[in-house]
Each structure stands twice: as C-alpha cells, then as structure tokens.
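data-v5.cif, holding mmCIF, N, CA and C atoms:
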data_structure
#
loop_
_atom_site.label_atom_id
_atom_site.label_comp_id
_atom_site.auth_asym_id
_atom_site.auth_seq_id
_atom_site.Cartn_x
_atom_site.Cartn_y
_atom_site.Cartn_z
N GLN S 1 1.97 -0.84 -7.02
CA GLN S 1 3.18 -1.46 -7.49
C GLN S 1 3.75 -2.40 -6.45
N LEU S 2 3.70 -2.00 -5.19
CA LEU S 2 4.20 -2.89 -4.14
C LEU S 2 3.37 -4.17 -4.08
N HIS S 3 2.06 -4.04 -4.21
CA HIS S 3 1.20 -5.20 -4.16
C HIS S 3 1.49 -6.12 -5.34
N ALA S 4 1.67 -5.56 -6.52
CA ALA S 4 1.99 -6.38 -7.69
C ALA S 4 3.31 -7.12 -7.48
N GLY S 5 4.28 -6.45 -6.93
CA GLY S 5 5.56 -7.09 -6.67
C GLY S 5 5.46 -8.18 -5.62
N ALA S 6 4.73 -7.92 -4.57
CA ALA S 6 4.60 -8.89 -3.49
C ALA S 6 3.75 -10.09 -3.89
N SER S 7 2.88 -9.92 -4.88
CA SER S 7 1.98 -11.01 -5.30
C SER S 7 2.63 -11.97 -6.27
N ASP S 8 3.80 -11.66 -6.77
CA ASP S 8 4.45 -12.51 -7.75
C ASP S 8 4.84 -13.84 -7.11
N PRO S 9 4.55 -14.96 -7.80
CA PRO S 9 4.92 -16.27 -7.22
C PRO S 9 6.42 -16.46 -7.04
N GLY S 10 7.22 -15.72 -7.81
CA GLY S 10 8.67 -15.85 -7.70
C GLY S 10 9.29 -15.01 -6.61
N GLY S 11 8.47 -14.28 -5.87
CA GLY S 11 8.96 -13.44 -4.80
C GLY S 11 8.92 -11.97 -5.15
N ALA S 12 9.18 -11.14 -4.15
CA ALA S 12 9.09 -9.69 -4.33
C ALA S 12 10.11 -9.18 -5.34
N GLY S 13 11.31 -9.73 -5.33
CA GLY S 13 12.35 -9.27 -6.26
C GLY S 13 11.96 -9.49 -7.70
N GLN S 14 11.41 -10.67 -7.98
CA GLN S 14 10.98 -10.95 -9.35
C GLN S 14 9.78 -10.11 -9.73
N GLY S 15 8.86 -9.90 -8.79
CA GLY S 15 7.68 -9.09 -9.06
C GLY S 15 8.04 -7.66 -9.38
N ILE S 16 8.96 -7.09 -8.62
CA ILE S 16 9.40 -5.71 -8.88
C ILE S 16 10.11 -5.64 -10.22
N ALA S 17 10.87 -6.66 -10.58
CA ALA S 17 11.58 -6.69 -11.86
C ALA S 17 10.61 -6.71 -13.04
N ARG S 18 9.41 -7.23 -12.84
CA ARG S 18 8.43 -7.33 -13.93
C ARG S 18 7.56 -6.08 -14.08
N LEU S 19 7.69 -5.13 -13.18
CA LEU S 19 6.86 -3.93 -13.25
C LEU S 19 7.11 -3.16 -14.54
N ARG S 20 6.07 -2.54 -15.04
CA ARG S 20 6.17 -1.66 -16.20
C ARG S 20 5.56 -0.34 -15.84
N PRO S 21 6.22 0.76 -16.03
CA PRO S 21 7.59 0.92 -16.50
C PRO S 21 8.57 0.37 -15.47
N PRO S 22 9.73 -0.06 -15.94
CA PRO S 22 10.71 -0.67 -15.03
C PRO S 22 11.19 0.29 -13.95
N VAL S 23 11.53 -0.29 -12.82
CA VAL S 23 12.06 0.48 -11.69
C VAL S 23 13.55 0.17 -11.60
N TRP S 24 14.39 1.21 -11.47
CA TRP S 24 15.84 1.03 -11.49
C TRP S 24 16.50 1.62 -10.26
N GLY S 25 17.71 1.18 -10.02
CA GLY S 25 18.59 1.77 -9.01
C GLY S 25 18.13 1.58 -7.58
N PRO S 26 18.41 2.58 -6.74
CA PRO S 26 18.10 2.47 -5.32
C PRO S 26 16.59 2.36 -5.06
N ARG S 27 15.80 2.95 -5.94
CA ARG S 27 14.34 2.86 -5.77
C ARG S 27 13.87 1.41 -5.89
N ARG S 28 14.47 0.67 -6.81
CA ARG S 28 14.11 -0.73 -6.99
C ARG S 28 14.45 -1.53 -5.73
N ASP S 29 15.63 -1.29 -5.18
CA ASP S 29 16.04 -1.99 -3.95
C ASP S 29 15.08 -1.67 -2.80
N ALA S 30 14.72 -0.40 -2.68
CA ALA S 30 13.81 0.02 -1.61
C ALA S 30 12.43 -0.61 -1.78
N MET S 31 11.93 -0.63 -3.01
CA MET S 31 10.63 -1.23 -3.26
C MET S 31 10.64 -2.73 -2.99
N THR S 32 11.73 -3.40 -3.35
CA THR S 32 11.84 -4.84 -3.09
C THR S 32 11.83 -5.11 -1.59
N ARG S 33 12.56 -4.32 -0.82
CA ARG S 33 12.57 -4.48 0.64
C ARG S 33 11.19 -4.23 1.22
N GLN S 34 10.53 -3.17 0.77
CA GLN S 34 9.21 -2.84 1.30
C GLN S 34 8.18 -3.91 0.95
N ALA S 35 8.19 -4.38 -0.30
CA ALA S 35 7.23 -5.42 -0.70
C ALA S 35 7.45 -6.69 0.10
N GLY S 36 8.70 -7.03 0.35
CA GLY S 36 9.00 -8.21 1.16
C GLY S 36 8.61 -8.04 2.61
N ALA S 37 8.84 -6.85 3.15
CA ALA S 37 8.53 -6.59 4.56
C ALA S 37 7.02 -6.54 4.80
N TRP S 38 6.29 -5.92 3.90
CA TRP S 38 4.84 -5.81 4.07
C TRP S 38 4.14 -7.13 3.80
N GLY S 39 4.52 -7.81 2.74
CA GLY S 39 3.85 -9.06 2.37
C GLY S 39 2.54 -8.79 1.64
N ARG S 40 2.13 -9.78 0.88
CA ARG S 40 0.94 -9.62 0.04
C ARG S 40 -0.33 -9.37 0.85
N ASP S 41 -0.52 -10.11 1.93
CA ASP S 41 -1.76 -9.99 2.71
C ASP S 41 -1.92 -8.62 3.35
N ARG S 42 -0.85 -8.13 3.96
CA ARG S 42 -0.93 -6.80 4.58
C ARG S 42 -1.10 -5.71 3.53
N LEU S 43 -0.45 -5.86 2.37
CA LEU S 43 -0.62 -4.88 1.31
C LEU S 43 -2.06 -4.88 0.79
N GLU S 44 -2.68 -6.04 0.72
CA GLU S 44 -4.08 -6.10 0.31
C GLU S 44 -4.98 -5.39 1.31
N ARG S 45 -4.70 -5.58 2.61
CA ARG S 45 -5.48 -4.87 3.63
C ARG S 45 -5.25 -3.36 3.55
N ALA S 46 -4.01 -2.96 3.26
CA ALA S 46 -3.70 -1.53 3.15
C ALA S 46 -4.42 -0.91 1.96
N VAL S 47 -4.43 -1.60 0.83
CA VAL S 47 -5.13 -1.09 -0.36
C VAL S 47 -6.62 -1.00 -0.07
N SER S 48 -7.18 -2.00 0.60
CA SER S 48 -8.60 -1.98 0.96
C SER S 48 -8.92 -0.79 1.85
N LEU S 49 -8.05 -0.52 2.81
CA LEU S 49 -8.24 0.62 3.71
C LEU S 49 -8.23 1.93 2.92
N LEU S 50 -7.29 2.06 1.99
CA LEU S 50 -7.22 3.28 1.19
C LEU S 50 -8.45 3.45 0.30
N ILE S 51 -8.92 2.36 -0.28
CA ILE S 51 -10.12 2.43 -1.12
C ILE S 51 -11.34 2.80 -0.27
N GLU S 52 -11.45 2.18 0.89
CA GLU S 52 -12.56 2.49 1.79
C GLU S 52 -12.54 3.96 2.20
N THR S 53 -11.37 4.48 2.53
CA THR S 53 -11.24 5.89 2.90
C THR S 53 -11.61 6.79 1.74
N ASP S 54 -11.18 6.44 0.53
CA ASP S 54 -11.52 7.22 -0.66
C ASP S 54 -13.03 7.25 -0.87
N LEU S 55 -13.68 6.11 -0.72
CA LEU S 55 -15.13 6.06 -0.89
C LEU S 55 -15.85 6.90 0.17
N GLN S 56 -15.35 6.87 1.39
CA GLN S 56 -15.95 7.68 2.45
C GLN S 56 -15.79 9.16 2.15
N LEU S 57 -14.64 9.54 1.62
CA LEU S 57 -14.41 10.95 1.31
C LEU S 57 -15.29 11.42 0.15
N ARG S 58 -15.59 10.53 -0.77
CA ARG S 58 -16.42 10.88 -1.92
C ARG S 58 -17.91 10.82 -1.62
N SER S 59 -18.30 10.16 -0.55
CA SER S 59 -19.72 10.03 -0.22
C SER S 59 -20.21 11.31 0.45
N ALA S 60 -21.45 11.30 0.77
CA ALA S 60 -22.07 12.47 1.41
C ALA S 60 -21.86 12.46 2.91
N SER S 61 -20.77 11.87 3.35
CA SER S 61 -20.48 11.77 4.77
C SER S 61 -20.24 13.15 5.37
N ARG S 62 -20.68 13.30 6.60
CA ARG S 62 -20.47 14.58 7.28
C ARG S 62 -19.19 14.57 8.12
N ALA S 63 -18.49 13.46 8.06
CA ALA S 63 -17.24 13.38 8.81
C ALA S 63 -16.20 14.30 8.18
N PRO S 64 -15.42 14.98 9.00
CA PRO S 64 -14.39 15.86 8.44
C PRO S 64 -13.34 15.06 7.66
N ALA S 65 -13.00 15.56 6.49
CA ALA S 65 -12.08 14.85 5.60
C ALA S 65 -10.72 14.64 6.25
N GLN S 66 -10.23 15.66 6.94
CA GLN S 66 -8.91 15.54 7.54
C GLN S 66 -8.88 14.42 8.58
N ALA S 67 -9.94 14.30 9.36
CA ALA S 67 -9.99 13.25 10.38
C ALA S 67 -10.00 11.86 9.75
N LEU S 68 -10.73 11.69 8.65
CA LEU S 68 -10.76 10.40 7.97
C LEU S 68 -9.38 10.02 7.44
N VAL S 69 -8.70 10.98 6.83
CA VAL S 69 -7.37 10.72 6.29
C VAL S 69 -6.37 10.44 7.41
N GLU S 70 -6.45 11.20 8.50
CA GLU S 70 -5.55 10.97 9.63
C GLU S 70 -5.73 9.58 10.20
N ARG S 71 -6.99 9.14 10.36
CA ARG S 71 -7.24 7.80 10.89
C ARG S 71 -6.70 6.73 9.96
N ALA S 72 -6.87 6.94 8.65
CA ALA S 72 -6.35 5.96 7.69
C ALA S 72 -4.83 5.88 7.77
N LEU S 73 -4.16 7.02 7.88
CA LEU S 73 -2.70 7.03 7.95
C LEU S 73 -2.21 6.39 9.25
N ILE S 74 -2.94 6.60 10.34
CA ILE S 74 -2.57 5.96 11.60
C ILE S 74 -2.71 4.44 11.48
N ARG S 75 -3.79 3.99 10.85
CA ARG S 75 -3.98 2.55 10.66
C ARG S 75 -2.88 1.95 9.79
N LEU S 76 -2.49 2.67 8.74
CA LEU S 76 -1.40 2.19 7.89
C LEU S 76 -0.09 2.11 8.67
N ALA S 77 0.16 3.11 9.50
CA ALA S 77 1.39 3.10 10.31
C ALA S 77 1.37 1.93 11.29
N MET S 78 0.21 1.64 11.85
CA MET S 78 0.10 0.52 12.77
C MET S 78 0.29 -0.81 12.03
N MET S 79 -0.21 -0.91 10.80
CA MET S 79 0.00 -2.11 10.00
C MET S 79 1.47 -2.33 9.70
N ALA S 80 2.19 -1.27 9.45
CA ALA S 80 3.61 -1.36 9.07
C ALA S 80 4.46 -1.86 10.24
N ARG S 81 4.04 -1.61 11.45
CA ARG S 81 4.83 -2.00 12.63
C ARG S 81 4.77 -3.48 12.93
N ARG S 82 3.79 -4.19 12.42
CA ARG S 82 3.61 -5.61 12.74
C ARG S 82 4.57 -6.48 12.01
#

Structure re-expressed in structure tokens:
Amino acid sequence: QLHAGASDPGGAGQGIARLRPPVWGPRRDAMTRQAGAWGRDRLERAVSLLIETDLQLRSASRAPAQALVERALIRLAMMARR
C-alpha cells in the first residue's frame, strides 16, 4: 500500500487517497507521511528485499530462518534511516 501511494504521479497524499479499501483517520496521515518519507525508489528496494527473503525462506536453504529474517529487518531499518 505504501508503494502504491508513493508511486502515484499526484504525490503520496493522492496515492493514499486512491487506495481500496480506503484508509481513514490517523492511519491515513501516518501512511501519507511514511510513503513520502520513504519514496518510491526505496520502497521498491524494500519490497524486493522482502521478496528475496521470502524466496530464500521457501527454498531448500540451510540457513537458519531466524537469521535470514533478522538480516532483512536490519537492512530495512538501515534503509529507513537514509
């Protein structure tokens, strides 16, 4: 939802307003701020990271699941700080 909002040509506020089901109240304000702060490019990288982690967890990898998830969350936190 954040990515859809941030990708709207009219800006994050318009993108969040177009979401279905609609988002109302303080949640809408928070999502608009987050979509604007993250930006479309960083949100795309974050979604890619989550998909990559999901695929690794579903594969026959011998890596411990908790470690993969922890690394993904650390990378997301580092992305958010920029």

Close residues, Ala6 (chain S) itself excluded, 7 Å, all atoms listed in the file, min 3 positions apart in chain, as a count of residues only: 13

Shell around region 53-57 of chain S at 7 Å using all atoms listed in the file, local window under 3 positions removed, as JSON, numbers by chain: {"S": [48, 49, 50, 60, 61, 65, 68, 69, 72]}

One-decimal distance in Å that lies between CA of Arg45 (chain S) and CA of Val23 (chain S):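 Value for the CA of Val23 (chain S)-CA of Arg45 (chain S) distance: 23.9 Å.
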
Listed atoms of region 38-55 of chain S boxed axis-aligned with 8 Å per side, centre + edges as JSON:
{"center_x": -4.8, "center_y": -1.4, "center_z": 1.7, "size_x": 38.1, "size_y": 33.4, "size_z": 21.7}

Nearest to Ala46 (chain S), chosen from S:Arg62, S:Arg82, S:Arg27, S:Arg75, with only C-alpha atoms counted in the distances: S:Arg75

Selection as a PyMOL selection string: residues within 7 Å of (8.0, -3.8, 6.3), counting only C-alpha atoms: chain S and resi 34+36-38+80

Alpha helix (DSSP H) per DSSP on the backbone: members of chain S, as JSON, numbers by chain: {"S": [2, 3, 4, 5, 6, 7, 12, 13, 14, 15, 16, 17, 25, 26, 27, 28, 29, 30, 31, 32, 33, 34, 35, 36, 37, 38, 39, 40, 41, 42, 43, 44, 45, 46, 47, 48, 49, 50, 51, 52, 53, 54, 55, 56, 57, 58, 65, 66, 67, 68, 69, 70, 71, 72, 73, 74, 75, 76, 77, 78, 79, 80, 81]}

Selected chain S, written as a PDB file, in the first residue's frame, C-alpha atoms:
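Generated output (part_35.pdb):
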ATOM      1  CA  GLN S   1       0.000   0.000   0.000  1.00  0.00           C
ATOM      2  CA  LEU S   2       2.827   2.395   0.762  1.00  0.00           C
ATOM      3  CA  HIS S   3       4.428   1.648  -2.588  1.00  0.00           C
ATOM      4  CA  ALA S   4       1.141   2.215  -4.412  1.00  0.00           C
ATOM      5  CA  GLY S   5       0.713   5.531  -2.636  1.00  0.00           C
ATOM      6  CA  ALA S   6       4.261   6.662  -3.276  1.00  0.00           C
ATOM      7  CA  SER S   7       4.069   5.681  -6.968  1.00  0.00           C
ATOM      8  CA  ASP S   8       1.112   7.929  -7.728  1.00  0.00           C
ATOM      9  CA  PRO S   9       2.031  10.792 -10.092  1.00  0.00           C
ATOM     10  CA  GLY S  10      -0.010  13.197  -7.956  1.00  0.00           C
ATOM     11  CA  GLY S  11       2.070  12.505  -4.868  1.00  0.00           C
ATOM     12  CA  ALA S  12       1.803  10.310  -1.803  1.00  0.00           C
ATOM     13  CA  GLY S  13      -1.331  12.024  -0.482  1.00  0.00           C
ATOM     14  CA  GLN S  14      -3.256  11.416  -3.675  1.00  0.00           C
ATOM     15  CA  GLY S  15      -1.964   7.852  -3.933  1.00  0.00           C
ATOM     16  CA  ILE S  16      -3.071   7.004  -0.402  1.00  0.00           C
ATOM     17  CA  ALA S  17      -6.473   8.594  -1.120  1.00  0.00           C
ATOM     18  CA  ARG S  18      -6.928   6.224  -4.084  1.00  0.00           C
ATOM     19  CA  LEU S  19      -6.256   3.043  -2.115  1.00  0.00           C
ATOM     20  CA  ARG S  20      -9.002   0.451  -1.911  1.00  0.00           C
ATOM     21  CA  PRO S  21     -10.288  -0.218   0.668  1.00  0.00           C
ATOM     22  CA  PRO S  22      -9.979   3.426   1.710  1.00  0.00           C
ATOM     23  CA  VAL S  23      -7.729   4.413   4.591  1.00  0.00           C
ATOM     24  CA  TRP S  24      -9.192   6.897   7.106  1.00  0.00           C
ATOM     25  CA  GLY S  25      -8.219   8.998  10.090  1.00  0.00           C
ATOM     26  CA  PRO S  26      -4.825   8.990  11.775  1.00  0.00           C
ATOM     27  CA  ARG S  27      -3.759   5.860   9.882  1.00  0.00           C
ATOM     28  CA  ARG S  28      -4.153   7.724   6.590  1.00  0.00           C
ATOM     29  CA  ASP S  29      -1.999  10.606   7.853  1.00  0.00           C
ATOM     30  CA  ALA S  30       0.671   8.193   9.074  1.00  0.00           C
ATOM     31  CA  MET S  31       0.704   6.276   5.787  1.00  0.00           C
ATOM     32  CA  THR S  32       0.970   9.514   3.798  1.00  0.00           C
ATOM     33  CA  ARG S  33       3.954  10.634   5.896  1.00  0.00           C
ATOM     34  CA  GLN S  34       5.649   7.245   5.585  1.00  0.00           C
ATOM     35  CA  ALA S  35       5.094   6.998   1.815  1.00  0.00           C
ATOM     36  CA  GLY S  36       6.510  10.487   1.377  1.00  0.00           C
ATOM     37  CA  ALA S  37       9.479   9.843   3.656  1.00  0.00           C
ATOM     38  CA  TRP S  38      10.423   6.509   2.083  1.00  0.00           C
ATOM     39  CA  GLY S  39       9.843   7.485  -1.544  1.00  0.00           C
ATOM     40  CA  ARG S  40       9.046   5.185  -4.419  1.00  0.00           C
ATOM     41  CA  ASP S  41      12.604   4.009  -5.117  1.00  0.00           C
ATOM     42  CA  ARG S  42      13.407   2.993  -1.551  1.00  0.00           C
ATOM     43  CA  LEU S  43      10.023   1.282  -1.209  1.00  0.00           C
ATOM     44  CA  GLU S  44      10.748  -0.707  -4.363  1.00  0.00           C
ATOM     45  CA  ARG S  45      14.089  -1.811  -2.905  1.00  0.00           C
ATOM     46  CA  ALA S  46      12.368  -2.724   0.370  1.00  0.00           C
ATOM     47  CA  VAL S  47       9.733  -4.826  -1.414  1.00  0.00           C
ATOM     48  CA  SER S  48      12.485  -6.537  -3.431  1.00  0.00           C
ATOM     49  CA  LEU S  49      14.363  -7.334  -0.226  1.00  0.00           C
ATOM     50  CA  LEU S  50      11.235  -8.821   1.347  1.00  0.00           C
ATOM     51  CA  ILE S  51      10.501 -10.927  -1.736  1.00  0.00           C
ATOM     52  CA  GLU S  52      14.098 -12.132  -1.876  1.00  0.00           C
ATOM     53  CA  THR S  53      13.980 -13.088   1.818  1.00  0.00           C
ATOM     54  CA  ASP S  54      10.677 -14.915   1.294  1.00  0.00           C
ATOM     55  CA  LEU S  55      12.139 -16.896  -1.604  1.00  0.00           C
ATOM     56  CA  GLN S  56      15.197 -17.810   0.463  1.00  0.00           C
ATOM     57  CA  LEU S  57      12.987 -18.999   3.304  1.00  0.00           C
ATOM     58  CA  ARG S  58      10.926 -21.143   0.932  1.00  0.00           C
ATOM     59  CA  SER S  59      13.954 -22.665  -0.819  1.00  0.00           C
ATOM     60  CA  ALA S  60      15.960 -25.607   0.380  1.00  0.00           C
ATOM     61  CA  SER S  61      18.438 -23.254   2.008  1.00  0.00           C
ATOM     62  CA  ARG S  62      20.213 -24.494   5.093  1.00  0.00           C
ATOM     63  CA  ALA S  63      20.468 -21.008   6.512  1.00  0.00           C
ATOM     64  CA  PRO S  64      18.546 -20.569   9.759  1.00  0.00           C
ATOM     65  CA  ALA S  65      15.225 -18.834   9.142  1.00  0.00           C
ATOM     66  CA  GLN S  66      15.552 -16.510  12.108  1.00  0.00           C
ATOM     67  CA  ALA S  67      18.929 -15.230  10.902  1.00  0.00           C
ATOM     68  CA  LEU S  68      17.557 -14.503   7.415  1.00  0.00           C
ATOM     69  CA  VAL S  69      14.615 -12.566   8.824  1.00  0.00           C
ATOM     70  CA  GLU S  70      16.818 -10.663  11.277  1.00  0.00           C
ATOM     71  CA  ARG S  71      19.179  -9.615   8.474  1.00  0.00           C
ATOM     72  CA  ALA S  72      16.258  -8.479   6.332  1.00  0.00           C
ATOM     73  CA  LEU S  73      14.820  -6.407   9.188  1.00  0.00           C
ATOM     74  CA  ILE S  74      18.215  -4.832   9.870  1.00  0.00           C
ATOM     75  CA  ARG S  75      18.528  -3.903   6.185  1.00  0.00           C
ATOM     76  CA  LEU S  76      15.044  -2.375   6.231  1.00  0.00           C
ATOM     77  CA  ALA S  77      15.916  -0.365   9.335  1.00  0.00           C
ATOM     78  CA  MET S  78      19.094   0.862   7.657  1.00  0.00           C
ATOM     79  CA  MET S  79      17.089   1.864   4.554  1.00  0.00           C
ATOM     80  CA  ALA S  80      14.655   3.849   6.696  1.00  0.00           C
ATOM     81  CA  ARG S  81      17.456   5.930   8.246  1.00  0.00           C
ATOM     82  CA  ARG S  82      18.664   7.361   4.920  1.00  0.00           C
TER      83      ARG S  82
END
